[in-house]
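Single-structure report; data block below.
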Amino acid sequence: GGRGWGLTTRDRAGVSETVQVVAYASAPMALAGPPIPELRLVCGAYATVLLCLGVWTVHGTTPIRTLVGGLPPALFGYGVGYRVVAAARTLFGG
């Protein structure tokens with residue numbers, strides 16, 4: 001933030017940029033509709049990579065902060081919401 005209140009030390013992206021990253025990263029999930037576990041797994045993995053790369057690029061975070069900030073939404077959004085976890089369980093047992 002640039003208001004000079006000492007709350008931040010650098011300019012970072014805001015909510016709008018974050019929403020754009022999430023939307024663009026979720027694009028591969030449009031192909032995950034058919035009940036094909038391999039397809040869902042690949043789409044979920046690709047979406048997760050895009051989400052983490054987007055967060056890292058837009059927010060300028062460290063790799064660790066990127067993973068801490070990016071993996072939980074990917075796990076719940078793609079893993080649970082798009083049933084990627086269920087697809088992985090189907091493929092790998094469990």
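Residue numbers start at 1 in each chain; chains themselves are named A, B, ... in the order of the structure tokens; ligands are numbered from 1 in the order shown.
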
- Query: What's the 12 Å shell around A:Val58, counting only C-alpha atoms, without same-chain residues fewer than 4 positions away, as an NGL selection string?
  - Reply: :A and (11-22 or 50-54 or 62 or 66)

- Task: Write down as a VMD selection string the residues of chain A whose backbone DSSP state falls under helix (DSSP H, G or I).
- Result: chain A and resid 15 to 25 27 to 31 37 to 59 63 to 81 84 to 92

Tell me which protein, DNA and RNA residues are within 10 Å of A:Tyr82, counting only C-alpha atoms, leaving out same-chain ones fewer than 3 positions away, and put them as a tab-separated table (two decimals) with N, CA and C atoms, in the first residue's frame.
```
chain	number	residue	atom	x	y	z
A	29	MET	N	-10.25	-26.56	-14.93
A	29	MET	CA	-11.31	-27.35	-14.32
A	29	MET	C	-12.55	-27.41	-15.19
A	30	ALA	N	-12.64	-26.56	-16.19
A	30	ALA	CA	-13.76	-26.62	-17.14
A	30	ALA	C	-13.75	-27.93	-17.91
A	32	ALA	N	-12.81	-30.81	-16.51
A	32	ALA	CA	-12.86	-31.90	-15.53
A	32	ALA	C	-14.27	-32.43	-15.28
A	33	GLY	N	-15.21	-32.10	-16.13
A	33	GLY	CA	-16.59	-32.53	-15.94
A	33	GLY	C	-16.83	-34.02	-16.11
A	40	ARG	N	-9.53	-35.60	-14.30
A	40	ARG	CA	-9.73	-34.71	-13.14
A	40	ARG	C	-8.43	-34.47	-12.39
A	41	LEU	N	-7.64	-35.51	-12.25
A	41	LEU	CA	-6.37	-35.37	-11.53
A	41	LEU	C	-5.42	-34.43	-12.27
A	43	CYS	N	-6.24	-32.10	-14.51
A	43	CYS	CA	-6.81	-30.74	-14.47
A	43	CYS	C	-6.58	-30.09	-13.11
A	44	GLY	N	-6.79	-30.84	-12.03
A	44	GLY	CA	-6.58	-30.30	-10.69
A	44	GLY	C	-5.13	-29.95	-10.42
A	75	LEU	N	-6.67	-27.20	-2.44
A	75	LEU	CA	-7.14	-28.47	-1.89
A	75	LEU	C	-8.66	-28.47	-1.71
A	76	PHE	N	-9.19	-27.40	-1.15
A	76	PHE	CA	-10.63	-27.34	-0.92
A	76	PHE	C	-11.40	-27.05	-2.21
A	77	GLY	N	-10.90	-26.12	-3.01
A	77	GLY	CA	-11.61	-25.75	-4.22
A	77	GLY	C	-11.55	-26.81	-5.30
A	78	TYR	N	-10.36	-27.23	-5.64
A	78	TYR	CA	-10.20	-28.22	-6.70
A	78	TYR	C	-10.34	-29.64	-6.13
A	79	GLY	N	-9.69	-29.87	-5.02
A	79	GLY	CA	-9.69	-31.21	-4.44
A	79	GLY	C	-11.04	-31.70	-3.99
A	85	VAL	N	-9.72	-34.98	-5.25
A	85	VAL	CA	-9.29	-35.91	-4.19
A	85	VAL	C	-9.95	-37.27	-4.40
A	86	ALA	N	-11.24	-37.28	-4.71
A	86	ALA	CA	-11.94	-38.54	-4.97
A	86	ALA	C	-11.35	-39.25	-6.19
A	87	ALA	N	-10.98	-38.50	-7.21
A	87	ALA	CA	-10.34	-39.09	-8.37
A	87	ALA	C	-9.00	-39.72	-8.00
```

- Can you work out the spacing between atom CA of A:Ala47 and atom CA of A:Ala23 in Å, to one decimal? 9.9 Å

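Closest to A:Val49 among A:Leu91, A:Ala25, A:Gly81, A:Pro34 is A:Ala25, based on only C-alpha atoms.
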
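Using only C-alpha atoms, the nearest neighbour of A:Pro37 within the list A:Val80, A:Thr57, A:Arg89, A:Pro73 is A:Arg89.
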
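In this structure, atom CA of A:Leu39 sits 10.4 Å away from atom CA of A:Ala88.
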
- Task: Record the distance separating atom CA of A:Gly69 and atom CA of A:Thr48, expressed in Å with one decimal.
- Result: 11.5 Å

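For the set A:Gly93, A:Leu67, A:Gly60, A:Tyr46, the residue with the smallest atom-to-atom gap to A:Ser26 is A:Tyr46, counting only C-alpha atoms.
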